[in-house]
Every structure is written in C-alpha cells, then in structure tokens.
Amino acid sequence: MKKILVPIDFSEHTGTVCRFALEIAKKSGGEIRLFHAYFDYVIVQDSSFPSSVDTNEMFNQEMLVNIRNEAKVDMDKLVDELVDELKHEKIQNVKVLHTLTGGMPEDEILNISETYGPDMIVMGTRGKGEKDFLTGKVSSKVIKHVKCPVLCIPSKAKYHGFENMMYATDFNDEDIKDINKLFGFLIAYHPVVHCVHVNAGGDHLAGESKMNALKNHFDEKMLSGKLIFRVIDNDDFVDGINDYVTENKIDIISVVHHRKGFLERLMSKDHTHELLLHSDVPLYVFPGGEK
C-alpha cells in the first residue's frame with residue numbers, strides 16, 4: 001500500500017479515520033495524503049439597496065478567507081500530530097502530505113483521486129451533522145466512481161488490526177478472483193478470511209453444495225487456516241451478517257462494488273442503518289472485475 005488518500009472534515013471522527021490510515025501505512029510503508037475541501041462560496045441574498053449588496057460581498061469575501069485560514073490551521077495541527085507520532089516511533093518509511101482546496105467535497109475527492117492515483121481511500125462513514133456516509137451524496141458518488149478500494153470507517157470504530165475479515169458471497173463467478181484480491185489486501189496482517197453466505201429462505205443443501213465447490217479452489221489456504229467457509233440460515237440478511245460478525249469477532253467486512261446482489265441489499269436504507277450506523281466494523285469496498 002503506497003499511497004493512501006484520507007478525506008477529512010475536522011469533525012470528532014477525523015482522529016479515528018486518521019488512526020486507521022496511519023496504522024495501515026505503518027504496516028506497509030508509503031505515504032498518507034490528508035485532504036480537505038472547504039466551503040468556498042457563500043450565497044448572497046438579494047437586496048434592494050446597492051450599498052447593502054456591497055457590504056454583503058465584502059463580508060462574504062472576509063468569511064471565505066477566514067474559512068480557509070481556519071482549515072489551514074486545523075490541517076497543519078493534524079499533520080504535525082501525525083508526523084510527531086511517526087518520529088516518536090522512529091518510523092521512517094511513512095510520509096504525511098496534505099492538500100487543501102475549496103469546492104464541493106464529492107467533486108474534489110474525485111478530482112484528486114484522478115490526479116493523485118491513490119492505492120486506497122480511507123474515509124469516515126459519518127461526519128459533521130451525523131449524516132450517514134453511504135446514504136449521502138459524497139460517499140455514494142465516491143464509491144461509484146473511484147477506481148481504487150475505499151475503506152469506510154464508522155464513527156465508533158476502534159482499531160484492532162485486521163485479523164478476521166468477512167467476505168459475503170452470493171456465489172458469483174468472480175468469487176475466486178475476489179477472494180484472492182482480499183489476501184493481497186493488507187497482506188502484512190495475515191488475515192483469516194471468512195467467506196460467508198446468508199441463506200435467507202433458500203435451500204440450505206444447495207447453498208452448502210455451492211460453498212463446497214468454492215472451497216475446493218482454496219485447499220492450500222484452507223490447510224493453513226487462512227480461509228473459513230460458512231453457510232448461515234437466517235431469513236433476515238442483515239441479522240445474519242451482524243450475528244456472524246459478533247460471534248466471530250470480525251474486524252472488517254469486505255464488499256465488491258460491482259456485485260449487485262449483496263451490495264444492493266447492503267446499500268438499502270435499512271441495511272446501511274444496521275451495518276454502518278449501529279456497527280463498529282469498517283467496510284472495505286473494492287472494485288471487482290469487469291462484468
């Protein structure tokens with residue numbers, strides 16, 4: 001992992017997001033680029049008095065300067081904190097860079113993703129105002145259009161490493177390729193990947209048969225204890241996922257963003273509410289192969 005882009009909003013959640021990004025970088029080396037897009041325009045209400053309009057314009061210009069200056073102060077402070085931590089731990093293979101710009105966050109994140117070319121984006125699932133990340137226009141647009149994986153960090157997440165990773169499957173032709181990608185993700189953690197299928201009202205024996213067929217492609221990893229296969233019977237998809245996460249101490253849930261079946265259920269309002277707003281487990285969204 002060489003380049004990690006970290007969009008931040010200086011909310012209380014920023015420290016948690018930076019913690020995950022920093023720990024990932026410590027494991028693999030490379031650089032972290034903190035990114036903040038500040039609000040760079042103010043709507044001026046109409047006035048019938050020209051002098052009033054002039055006053056408003058002057059006030060708005062001053063406000064924008066203050067907004068940018070405050071963002072710069074916050075950014076410099078955060079960069080200093082991360083750099084000091086790296087120096088204290090004598091870690092020399094991690095750089096901390098930053099970019100500050102004006103504009104709409106979703107557009108600016110996509111712009112810098114194109115020019116910077118990150119290997120991963122680490123961002124929060126909620127920011128100021130406690131709006132849910134995946135139901136907001138910022139997150140949905142970023143996940144839909146970026147070409148790299150996105151690690152979504154819930155506001156109450158705690159960093160414990162990534163020893164247990166869940167991969168939820170609906171049995172797709174891309175499963176083998178996608179599971180192998182997961183073993184390449186944060187390889188320094190040597191994660192155990194739990195390949196899970198929630199059998200919501202379907203034929204359990206048919207699910208087991210498909211899972212066994214998938215399992216046969218990973219004999220070597222199975223023997224080393226790195227890959228676990230499970231079929232769960234639960235009429236409620238989200239309950240099945242949450243129960244397994246709790247019982248097996250899952251550190252991260254992985255999702256392929258072209259996978260309609262699982263992802264559409266996950267991204268529905270109720271499921272997002274359950275899995276993200278009421279969960280401390282990060283969500284790793286990575287691009288699959290072409291359909």
# chains A, B, ... in the order shown; residues from 1 in each chain; ligands from 1
$ residues_around --residues "Pro105 of chain A" --least-positions-apart "2" --cutoff "9 Å" --atoms "only C-alpha atoms" --output "PyMOL selection string"
chain A and resi 7+36-39+102-103+107-110+138
$ select_by_dssp --residues "segment 59-257 of chain A" --states "alpha helix (DSSP H)" --output "ChimeraX atom specification"
/A:59-88,105-116,137-145,175-184,204-215,219-223,237-247
$ select_by_dssp --residues "segment 105-268 of chain A" --states "strand (DSSP E or B)" --output "PDB file with N, CA and C atoms, in the first residue's frame"
ATOM      1  N   MET A 120      -5.575   3.418  -2.126  1.00  0.00           N
ATOM      2  CA  MET A 120      -6.728   3.236  -1.255  1.00  0.00           C
ATOM      3  C   MET A 120      -7.202   4.595  -0.766  1.00  0.00           C
ATOM      4  N   ILE A 121      -8.519   4.689  -0.535  1.00  0.00           N
ATOM      5  CA  ILE A 121      -9.093   5.862   0.120  1.00  0.00           C
ATOM      6  C   ILE A 121      -9.625   5.408   1.473  1.00  0.00           C
ATOM      7  N   VAL A 122      -9.262   6.123   2.525  1.00  0.00           N
ATOM      8  CA  VAL A 122      -9.779   5.836   3.861  1.00  0.00           C
ATOM      9  C   VAL A 122     -10.600   7.041   4.297  1.00  0.00           C
ATOM     10  N   MET A 123     -11.877   6.835   4.538  1.00  0.00           N
ATOM     11  CA  MET A 123     -12.737   7.951   4.909  1.00  0.00           C
ATOM     12  C   MET A 123     -13.825   7.492   5.875  1.00  0.00           C
ATOM     13  N   GLY A 124     -14.405   8.463   6.594  1.00  0.00           N
ATOM     14  CA  GLY A 124     -15.377   8.152   7.618  1.00  0.00           C
ATOM     15  C   GLY A 124     -16.752   7.868   7.054  1.00  0.00           C
ATOM     16  N   ARG A 126     -19.430   8.740   8.805  1.00  0.00           N
ATOM     17  CA  ARG A 126     -20.250   9.874   9.215  1.00  0.00           C
ATOM     18  C   ARG A 126     -19.346  11.055   9.525  1.00  0.00           C
ATOM     19  N   ASP A 132     -25.341   9.846   7.592  1.00  0.00           N
ATOM     20  CA  ASP A 132     -24.775   8.554   7.223  1.00  0.00           C
ATOM     21  C   ASP A 132     -24.009   8.660   5.923  1.00  0.00           C
ATOM     22  N   VAL A 150     -12.063   1.543  -1.230  1.00  0.00           N
ATOM     23  CA  VAL A 150     -12.420   2.560  -0.245  1.00  0.00           C
ATOM     24  C   VAL A 150     -12.671   1.857   1.084  1.00  0.00           C
ATOM     25  N   LEU A 151     -11.957   2.292   2.111  1.00  0.00           N
ATOM     26  CA  LEU A 151     -12.164   1.757   3.449  1.00  0.00           C
ATOM     27  C   LEU A 151     -13.007   2.751   4.231  1.00  0.00           C
ATOM     28  N   CYS A 152     -14.232   2.346   4.579  1.00  0.00           N
ATOM     29  CA  CYS A 152     -15.188   3.215   5.263  1.00  0.00           C
ATOM     30  C   CYS A 152     -15.141   2.935   6.759  1.00  0.00           C
ATOM     31  N   ILE A 153     -14.869   3.964   7.543  1.00  0.00           N
ATOM     32  CA  ILE A 153     -14.662   3.801   8.977  1.00  0.00           C
ATOM     33  C   ILE A 153     -15.848   4.363   9.757  1.00  0.00           C
ATOM     34  N   ASN A 164      -9.450 -10.785  11.339  1.00  0.00           N
ATOM     35  CA  ASN A 164     -10.596 -11.534  10.816  1.00  0.00           C
ATOM     36  C   ASN A 164     -11.389 -10.667   9.852  1.00  0.00           C
ATOM     37  N   MET A 165     -11.447 -11.093   8.613  1.00  0.00           N
ATOM     38  CA  MET A 165     -12.127 -10.346   7.565  1.00  0.00           C
ATOM     39  C   MET A 165     -13.282 -11.175   7.018  1.00  0.00           C
ATOM     40  N   MET A 166     -14.449 -10.552   6.862  1.00  0.00           N
ATOM     41  CA  MET A 166     -15.579 -11.257   6.273  1.00  0.00           C
ATOM     42  C   MET A 166     -15.719 -10.915   4.793  1.00  0.00           C
ATOM     43  N   TYR A 167     -15.933 -11.937   3.992  1.00  0.00           N
ATOM     44  CA  TYR A 167     -16.284 -11.757   2.587  1.00  0.00           C
ATOM     45  C   TYR A 167     -17.647 -12.407   2.394  1.00  0.00           C
ATOM     46  N   ALA A 168     -18.673 -11.597   2.143  1.00  0.00           N
ATOM     47  CA  ALA A 168     -20.034 -12.111   1.973  1.00  0.00           C
ATOM     48  C   ALA A 168     -20.273 -12.431   0.502  1.00  0.00           C
ATOM     49  N   VAL A 192      -7.373 -13.865   8.457  1.00  0.00           N
ATOM     50  CA  VAL A 192      -8.225 -15.012   8.188  1.00  0.00           C
ATOM     51  C   VAL A 192      -9.466 -14.471   7.490  1.00  0.00           C
ATOM     52  N   VAL A 193      -9.786 -14.994   6.322  1.00  0.00           N
ATOM     53  CA  VAL A 193     -10.941 -14.541   5.558  1.00  0.00           C
ATOM     54  C   VAL A 193     -12.105 -15.503   5.778  1.00  0.00           C
ATOM     55  N   HIS A 194     -13.203 -14.965   6.268  1.00  0.00           N
ATOM     56  CA  HIS A 194     -14.412 -15.746   6.481  1.00  0.00           C
ATOM     57  C   HIS A 194     -15.331 -15.537   5.274  1.00  0.00           C
ATOM     58  N   CYS A 195     -15.454 -16.555   4.452  1.00  0.00           N
ATOM     59  CA  CYS A 195     -16.330 -16.485   3.281  1.00  0.00           C
ATOM     60  C   CYS A 195     -17.717 -16.950   3.717  1.00  0.00           C
ATOM     61  N   VAL A 196     -18.674 -16.019   3.726  1.00  0.00           N
ATOM     62  CA  VAL A 196     -19.974 -16.284   4.340  1.00  0.00           C
ATOM     63  C   VAL A 196     -21.104 -16.085   3.335  1.00  0.00           C
ATOM     64  N   HIS A 197     -22.040 -17.014   3.329  1.00  0.00           N
ATOM     65  CA  HIS A 197     -23.264 -16.878   2.537  1.00  0.00           C
ATOM     66  C   HIS A 197     -24.458 -16.941   3.486  1.00  0.00           C
ATOM     67  N   VAL A 198     -25.321 -15.917   3.418  1.00  0.00           N
ATOM     68  CA  VAL A 198     -26.538 -15.899   4.232  1.00  0.00           C
ATOM     69  C   VAL A 198     -27.654 -16.541   3.427  1.00  0.00           C
ATOM     70  N   ASN A 199     -28.131 -17.684   3.881  1.00  0.00           N
ATOM     71  CA  ASN A 199     -29.186 -18.427   3.204  1.00  0.00           C
ATOM     72  C   ASN A 199     -30.536 -17.932   3.728  1.00  0.00           C
ATOM     73  N   LEU A 227      -8.607 -19.460   5.518  1.00  0.00           N
ATOM     74  CA  LEU A 227      -9.882 -19.275   4.836  1.00  0.00           C
ATOM     75  C   LEU A 227     -10.934 -20.191   5.458  1.00  0.00           C
ATOM     76  N   ILE A 228     -12.043 -19.588   5.865  1.00  0.00           N
ATOM     77  CA  ILE A 228     -13.133 -20.309   6.514  1.00  0.00           C
ATOM     78  C   ILE A 228     -14.405 -20.112   5.699  1.00  0.00           C
ATOM     79  N   PHE A 229     -15.164 -21.180   5.474  1.00  0.00           N
ATOM     80  CA  PHE A 229     -16.398 -21.113   4.688  1.00  0.00           C
ATOM     81  C   PHE A 229     -17.602 -21.441   5.572  1.00  0.00           C
ATOM     82  N   ARG A 230     -18.657 -20.607   5.478  1.00  0.00           N
ATOM     83  CA  ARG A 230     -19.842 -20.835   6.294  1.00  0.00           C
ATOM     84  C   ARG A 230     -21.113 -20.492   5.514  1.00  0.00           C
ATOM     85  N   VAL A 231     -22.136 -21.311   5.660  1.00  0.00           N
ATOM     86  CA  VAL A 231     -23.476 -21.016   5.159  1.00  0.00           C
ATOM     87  C   VAL A 231     -24.356 -20.786   6.378  1.00  0.00           C
ATOM     88  N   ILE A 232     -24.992 -19.603   6.447  1.00  0.00           N
ATOM     89  CA  ILE A 232     -25.807 -19.229   7.596  1.00  0.00           C
ATOM     90  C   ILE A 232     -27.278 -19.236   7.192  1.00  0.00           C
ATOM     91  N   ASP A 233     -28.105 -19.875   7.979  1.00  0.00           N
ATOM     92  CA  ASP A 233     -29.549 -19.840   7.747  1.00  0.00           C
ATOM     93  C   ASP A 233     -30.156 -18.721   8.575  1.00  0.00           C
ATOM     94  N   ILE A 252     -13.439  -6.522   9.923  1.00  0.00           N
ATOM     95  CA  ILE A 252     -13.728  -5.754   8.718  1.00  0.00           C
ATOM     96  C   ILE A 252     -14.617  -6.584   7.792  1.00  0.00           C
ATOM     97  N   ILE A 253     -15.606  -5.931   7.179  1.00  0.00           N
ATOM     98  CA  ILE A 253     -16.480  -6.573   6.199  1.00  0.00           C
ATOM     99  C   ILE A 253     -16.067  -6.093   4.819  1.00  0.00           C
ATOM    100  N   SER A 254     -15.879  -7.014   3.899  1.00  0.00           N
ATOM    101  CA  SER A 254     -15.460  -6.642   2.550  1.00  0.00           C
ATOM    102  C   SER A 254     -16.599  -6.805   1.562  1.00  0.00           C
ATOM    103  N   VAL A 255     -16.675  -5.862   0.616  1.00  0.00           N
ATOM    104  CA  VAL A 255     -17.749  -5.815  -0.374  1.00  0.00           C
ATOM    105  C   VAL A 255     -17.153  -5.499  -1.735  1.00  0.00           C
ATOM    106  N   VAL A 256     -17.635  -6.170  -2.768  1.00  0.00           N
ATOM    107  CA  VAL A 256     -17.238  -5.853  -4.134  1.00  0.00           C
ATOM    108  C   VAL A 256     -18.269  -4.900  -4.712  1.00  0.00           C
TER     109      VAL A 256
END
$ atom_distance --atom1 "atom CA of Glu106 of chain A" --atom2 "atom CA of Glu174 of chain A"
29.2 Å
$ residues_around --residues "Phe20 of chain A" --least-positions-apart "4" --cutoff "7 Å" --atoms "only C-alpha atoms" --output "list in words"
Thr16, Ile24 and Tyr159 of chain A
$ closest_residue --among "A:Glu163, A:His88, A:Glu220, A:Tyr189" --to "Asn248 of chain A" --atoms "only C-alpha atoms"
A:Glu163
$ residues_around --residues "segment 72-80 of chain A" --least-positions-apart "2" --cutoff "12 Å" --atoms "only C-alpha atoms" --output "PyMOL selection string"
chain A and resi 6-11+14-15+18-19+22+32-38+65-70+82-88+95-102
$ residues_around --residues "Ala25 of chain A" --least-positions-apart "5" --cutoff "7 Å" --atoms "only C-alpha atoms" --output "PyMOL selection string"
chain A and resi 30-31+94
$ residues_around --residues "Tyr116 of chain A" --least-positions-apart "4" --cutoff "9 Å" --atoms "only C-alpha atoms" --output "number ranges by chain"
A: 3, 5, 111-112
$ write_last_selection --atoms "C-alpha atoms" --output "PDB file, in the first residue's frame"
ATOM      1  CA  LYS A   3      -0.483   5.920  -1.473  1.00  0.00           C
ATOM      2  CA  LEU A   5      -5.826   9.300   0.363  1.00  0.00           C
ATOM      3  CA  ASN A 111     -10.625  15.162  -8.824  1.00  0.00           C
ATOM      4  CA  ILE A 112      -7.718  14.423  -6.515  1.00  0.00           C
TER       5      ILE A 112
END
$ closest_residue --among "A:Asp40, A:Leu205, A:Phe162, A:Phe286" --to "Lys249 of chain A" --atoms "only C-alpha atoms"
A:Phe162
